[in-house]
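K.L.:
Shown below is the structure under consideration.
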Amino acid sequence: MDWKKFFIAFVAAFGFIFVFGFLWYGKLMHGVHQEVPLLWRPEAEFGNHFSWLVFGHIVMAFFLTLLCSKFVPAGGPGPCARLGILVALVYVGNDFIMYAVQPITMKILCGWIVGDLIMFGVAGAIIGTIYKSSSSATS
Amino acid sequence: MKRFVIAFIAAFIFIVLWGWFYNGVLLKDVFAEAQSLFRPRDEMMSLFYWIVIGQAGLAFTFVLIYASGFAGGGIATGVRLGIMLELLAVSARCAIYATQPFPAKFLVLTSVGGFIEMIVTGVIVGAIYKPATARAS
């Protein structure tokens, strides 16, 4: 494994996931989330737990990169985007379960599903694009 | 295809039973501590089919990912895939913990249950699903 390319792919994936998460879940879906205000931490409390959000995104980007490098060693945006979408489908399964047990609205569920699919699909494509050059160089 | 279906059914049955036992029985009191974050029991039961669809989706996607690129490695590879997918799920739980007022205990216990679930699912899928080329040799 080319660790330099792996690291670059991981950082790029983290950057995308973090920015997309902020825009999609934090900004675009802010109003929809506020339909059930009791579910969320108050602003100040969220600030105190922000490091957990960053840590979660780092772990997410790292293991998505690892999964892509192990699963698609040849790299390439297409196959890695496909793997990203498959990973997103695992999350979609969890979203369905959360909808059943938590009082989230159908709009929130749909927003989460679309967001997961876009986020993991694009993150996979980014990882595959960066990792492709690595495999070409070694093959 | 036959082994794919058998692996999916076995994984799905395990996920349903484990989900019921771990979340519904073992962690019942822990969930009760954060009752305000959950639907009332009757409402939850009326939406139970969403849980079943979600668990079926989880089992199906697991087998699909395994069959698409991990198959042939057997149980060890299934376990490795399970651990990687669970680590991704833990990352999502961290984000949920940051945004929803769950106690930290909840994050830890659901992640422990998640690891057991995904590792055993990996064992089941790795043991049952064999790609055609592996079976032929």
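In the structure tokens, each chain is lettered A, B, ... as it comes, each chain's residues begin at 1, and ligands are numbered from 1 in order of appearance.
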Taking only C-alpha atoms into account and nothing else, which residues of chain B lie no more than 10 Å away from chain A? Please answer as number ranges by chain.

P.N.:
B: 35-41, 43-62, 64-66, 68-70, 81, 83-102

K.L.:
Using only C-alpha atoms, determine which residues lie at most 7 Å from segment 17-25 of chain B, disregarding the query and same-chain residues fewer than 4 positions distant; provide the list as JSON, numbers by chain.

P.N.:
{"B": [13, 113, 117]}

K.L.:
Take the residues from that selection and put them in a file with C-alpha atoms, as a PDB file, in the first residue's frame.

P.N.:
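Okay, out29.pdb is ready:
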ATOM      1  CA  ILE B  13     -31.984 -13.789  11.074  1.00  0.00           C
ATOM      2  CA  GLY B 113     -23.232  -4.475  20.583  1.00  0.00           C
ATOM      3  CA  GLU B 117     -23.223  -7.968  15.594  1.00  0.00           C
TER       4      GLU B 117
END

K.L.:
Go through segment 1-132 of chain B and collect every residue that DSSP, computed from the backbone, puts in alpha helix (DSSP H); the answer should be as a ChimeraX atom specification.

P.N.:
/B:2-19,28-33,41-46,48-65,74-99,104-128,132

K.L.:
Any chance you could export the current selection's C-alpha atoms as an mmCIF file, in the first residue's frame?

P.N.:
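Result file again_16.cif:
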data_model
loop_
_atom_site.group_PDB
_atom_site.id
_atom_site.type_symbol
_atom_site.label_atom_id
_atom_site.label_comp_id
_atom_site.auth_asym_id
_atom_site.auth_seq_id
_atom_site.Cartn_x
_atom_site.Cartn_y
_atom_site.Cartn_z
ATOM 1 C CA LYS B 2 -28.027 -19.725 -3.979
ATOM 2 C CA ARG B 3 -25.238 -19.188 -1.438
ATOM 3 C CA PHE B 4 -25.797 -15.435 -1.636
ATOM 4 C CA VAL B 5 -29.444 -15.882 -0.673
ATOM 5 C CA ILE B 6 -28.619 -18.375 2.105
ATOM 6 C CA ALA B 7 -25.912 -16.058 3.495
ATOM 7 C CA PHE B 8 -28.331 -13.115 3.375
ATOM 8 C CA ILE B 9 -31.100 -15.032 5.161
ATOM 9 C CA ALA B 10 -28.723 -16.351 7.849
ATOM 10 C CA ALA B 11 -27.216 -12.889 8.411
ATOM 11 C CA PHE B 12 -30.667 -11.286 8.509
ATOM 12 C CA ILE B 13 -31.984 -13.789 11.074
ATOM 13 C CA PHE B 14 -28.939 -13.253 13.279
ATOM 14 C CA ILE B 15 -29.193 -9.428 13.050
ATOM 15 C CA VAL B 16 -32.910 -9.523 13.968
ATOM 16 C CA LEU B 17 -32.364 -11.872 16.931
ATOM 17 C CA TRP B 18 -29.264 -10.052 18.171
ATOM 18 C CA GLY B 19 -30.962 -6.657 17.793
ATOM 19 C CA LYS B 28 -33.702 -2.044 28.011
ATOM 20 C CA ASP B 29 -32.844 0.003 31.118
ATOM 21 C CA VAL B 30 -30.172 2.029 29.307
ATOM 22 C CA PHE B 31 -32.689 2.984 26.607
ATOM 23 C CA ALA B 32 -35.193 3.892 29.327
ATOM 24 C CA GLU B 33 -32.716 6.482 30.684
ATOM 25 C CA ARG B 41 -43.554 2.015 22.721
ATOM 26 C CA ASP B 42 -46.910 1.776 20.886
ATOM 27 C CA GLU B 43 -45.753 4.175 18.191
ATOM 28 C CA MET B 44 -42.494 2.255 17.842
ATOM 29 C CA MET B 45 -44.347 -1.026 17.428
ATOM 30 C CA SER B 46 -46.570 0.482 14.721
ATOM 31 C CA PHE B 48 -41.672 -1.980 13.520
ATOM 32 C CA TYR B 49 -41.569 -2.925 9.852
ATOM 33 C CA TRP B 50 -39.080 -0.071 9.302
ATOM 34 C CA ILE B 51 -36.729 -1.857 11.693
ATOM 35 C CA VAL B 52 -37.152 -5.112 9.770
ATOM 36 C CA ILE B 53 -36.556 -3.355 6.421
ATOM 37 C CA GLY B 54 -33.486 -1.614 7.868
ATOM 38 C CA GLN B 55 -32.068 -4.872 9.215
ATOM 39 C CA ALA B 56 -32.780 -6.661 5.931
ATOM 40 C CA GLY B 57 -31.025 -3.825 4.086
ATOM 41 C CA LEU B 58 -28.060 -4.101 6.435
ATOM 42 C CA ALA B 59 -27.762 -7.878 5.921
ATOM 43 C CA PHE B 60 -28.232 -7.581 2.151
ATOM 44 C CA THR B 61 -25.642 -4.821 1.781
ATOM 45 C CA PHE B 62 -23.163 -6.710 3.947
ATOM 46 C CA VAL B 63 -23.423 -9.809 1.756
ATOM 47 C CA LEU B 64 -23.337 -7.661 -1.397
ATOM 48 C CA ILE B 65 -20.100 -5.906 -0.350
ATOM 49 C CA GLY B 74 -13.549 -17.004 4.171
ATOM 50 C CA ILE B 75 -14.442 -16.277 7.782
ATOM 51 C CA ALA B 76 -11.358 -14.141 8.556
ATOM 52 C CA THR B 77 -12.171 -11.807 5.658
ATOM 53 C CA GLY B 78 -15.823 -11.664 6.683
ATOM 54 C CA VAL B 79 -14.782 -10.646 10.190
ATOM 55 C CA ARG B 80 -12.387 -8.019 8.788
ATOM 56 C CA LEU B 81 -15.174 -6.532 6.663
ATOM 57 C CA GLY B 82 -17.524 -6.585 9.667
ATOM 58 C CA ILE B 83 -15.007 -4.722 11.821
ATOM 59 C CA MET B 84 -14.406 -2.095 9.120
ATOM 60 C CA LEU B 85 -18.136 -1.529 8.575
ATOM 61 C CA GLU B 86 -18.726 -1.292 12.313
ATOM 62 C CA LEU B 87 -15.925 1.253 12.699
ATOM 63 C CA LEU B 88 -17.760 3.335 10.100
ATOM 64 C CA ALA B 89 -20.943 2.911 12.129
ATOM 65 C CA VAL B 90 -19.104 4.010 15.289
ATOM 66 C CA SER B 91 -18.083 7.181 13.466
ATOM 67 C CA ALA B 92 -21.752 7.883 12.749
ATOM 68 C CA ARG B 93 -22.572 7.225 16.408
ATOM 69 C CA CYS B 94 -19.947 9.780 17.438
ATOM 70 C CA ALA B 95 -21.709 12.341 15.228
ATOM 71 C CA ILE B 96 -25.059 11.380 16.766
ATOM 72 C CA TYR B 97 -23.581 11.673 20.257
ATOM 73 C CA ALA B 98 -22.307 15.156 19.391
ATOM 74 C CA THR B 99 -25.723 16.337 18.219
ATOM 75 C CA ALA B 104 -21.880 8.558 26.881
ATOM 76 C CA LYS B 105 -22.733 5.114 28.261
ATOM 77 C CA PHE B 106 -25.222 4.738 25.429
ATOM 78 C CA LEU B 107 -22.553 5.413 22.798
ATOM 79 C CA VAL B 108 -20.209 2.837 24.338
ATOM 80 C CA LEU B 109 -22.780 0.086 24.859
ATOM 81 C CA THR B 110 -24.420 0.377 21.436
ATOM 82 C CA SER B 111 -20.951 0.293 19.846
ATOM 83 C CA VAL B 112 -20.012 -2.850 21.802
ATOM 84 C CA GLY B 113 -23.232 -4.475 20.583
ATOM 85 C CA GLY B 114 -22.532 -3.262 17.072
ATOM 86 C CA PHE B 115 -19.074 -4.852 17.030
ATOM 87 C CA ILE B 116 -20.459 -8.196 18.199
ATOM 88 C CA GLU B 117 -23.223 -7.968 15.594
ATOM 89 C CA MET B 118 -20.909 -7.164 12.683
ATOM 90 C CA ILE B 119 -18.197 -9.670 13.674
ATOM 91 C CA VAL B 120 -20.684 -12.535 13.976
ATOM 92 C CA THR B 121 -22.363 -11.442 10.738
ATOM 93 C CA GLY B 122 -18.918 -11.560 9.117
ATOM 94 C CA VAL B 123 -18.388 -15.088 10.448
ATOM 95 C CA ILE B 124 -21.773 -16.210 9.113
ATOM 96 C CA VAL B 125 -21.360 -14.635 5.681
ATOM 97 C CA GLY B 126 -17.709 -15.727 5.363
ATOM 98 C CA ALA B 127 -18.613 -19.300 6.276
ATOM 99 C CA ILE B 128 -21.588 -19.572 3.923
ATOM 100 C CA ALA B 132 -17.979 -19.952 -7.820
#

K.L.:
If you measure from atom CA of Met29 of chain A to atom CA of Lys107 of chain A, what distance in Å do you get, rounded to one decimal?

P.N.:
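Taking atom CA of Met29 of chain A as the start and atom CA of Lys107 of chain A as the end point, the length is 9.2 Å.
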
K.L.:
Figure out the distance between atom CA of Met1 of chain A and atom CA of Gly75 of chain A, please, to one decimal in Å.

P.N.:
11.6 Å

K.L.:
Atom CA of Lys27 of chain A to atom CA of Ala12 of chain A: how many Å, to one decimal?

P.N.:
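Result for atom CA of Lys27 of chain A versus atom CA of Ala12 of chain A: 21.2 Å, one decimal.
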
K.L.:
Which residue is closest to Gly111 of chain A? Choose from A:Ile8, A:Leu28, A:Val19, A:Cys80 and count only C-alpha atoms.

P.N.:
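Among the listed residues, the smallest separation from Gly111 of chain A belongs to A:Leu28.
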
K.L.:
Write out as a VMD selection string which residues come within 6 Å of Gly84 of chain A when counting only C-alpha atoms, dropping same-chain ones fewer than 3 positions away.

P.N.:
chain A and resid 81 87 120 to 121 124

K.L.:
Please, could you write that set of residues out with N, CA and C atoms as a short mmCIF file (atom, residue, chain, number, x, y, z; two decimals), in the first residue's frame?

P.N.:
data_model
loop_
_atom_site.label_atom_id
_atom_site.label_comp_id
_atom_site.auth_asym_id
_atom_site.auth_seq_id
_atom_site.Cartn_x
_atom_site.Cartn_y
_atom_site.Cartn_z
N ALA A 81 -16.53 4.86 -6.02
CA ALA A 81 -17.82 5.51 -5.79
C ALA A 81 -18.89 4.44 -5.56
N VAL A 87 -21.53 1.31 0.99
CA VAL A 87 -21.35 1.66 2.41
C VAL A 87 -22.51 2.56 2.86
N PHE A 120 -21.12 9.52 0.62
CA PHE A 120 -20.23 8.37 0.48
C PHE A 120 -19.87 8.10 -0.99
N GLY A 121 -20.82 8.36 -1.87
CA GLY A 121 -20.54 8.17 -3.30
C GLY A 121 -19.43 9.10 -3.77
N GLY A 124 -16.09 8.36 -2.02
CA GLY A 124 -15.48 7.19 -2.65
C GLY A 124 -14.80 7.57 -3.96
#

K.L.:
Tell me which of A:Val114, A:Leu109, A:Ile130, A:Ala74 sits closest to Gly21 of chain A, counting only C-alpha atoms.

P.N.:
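The answer is A:Val114, which sits nearest to Gly21 of chain A.
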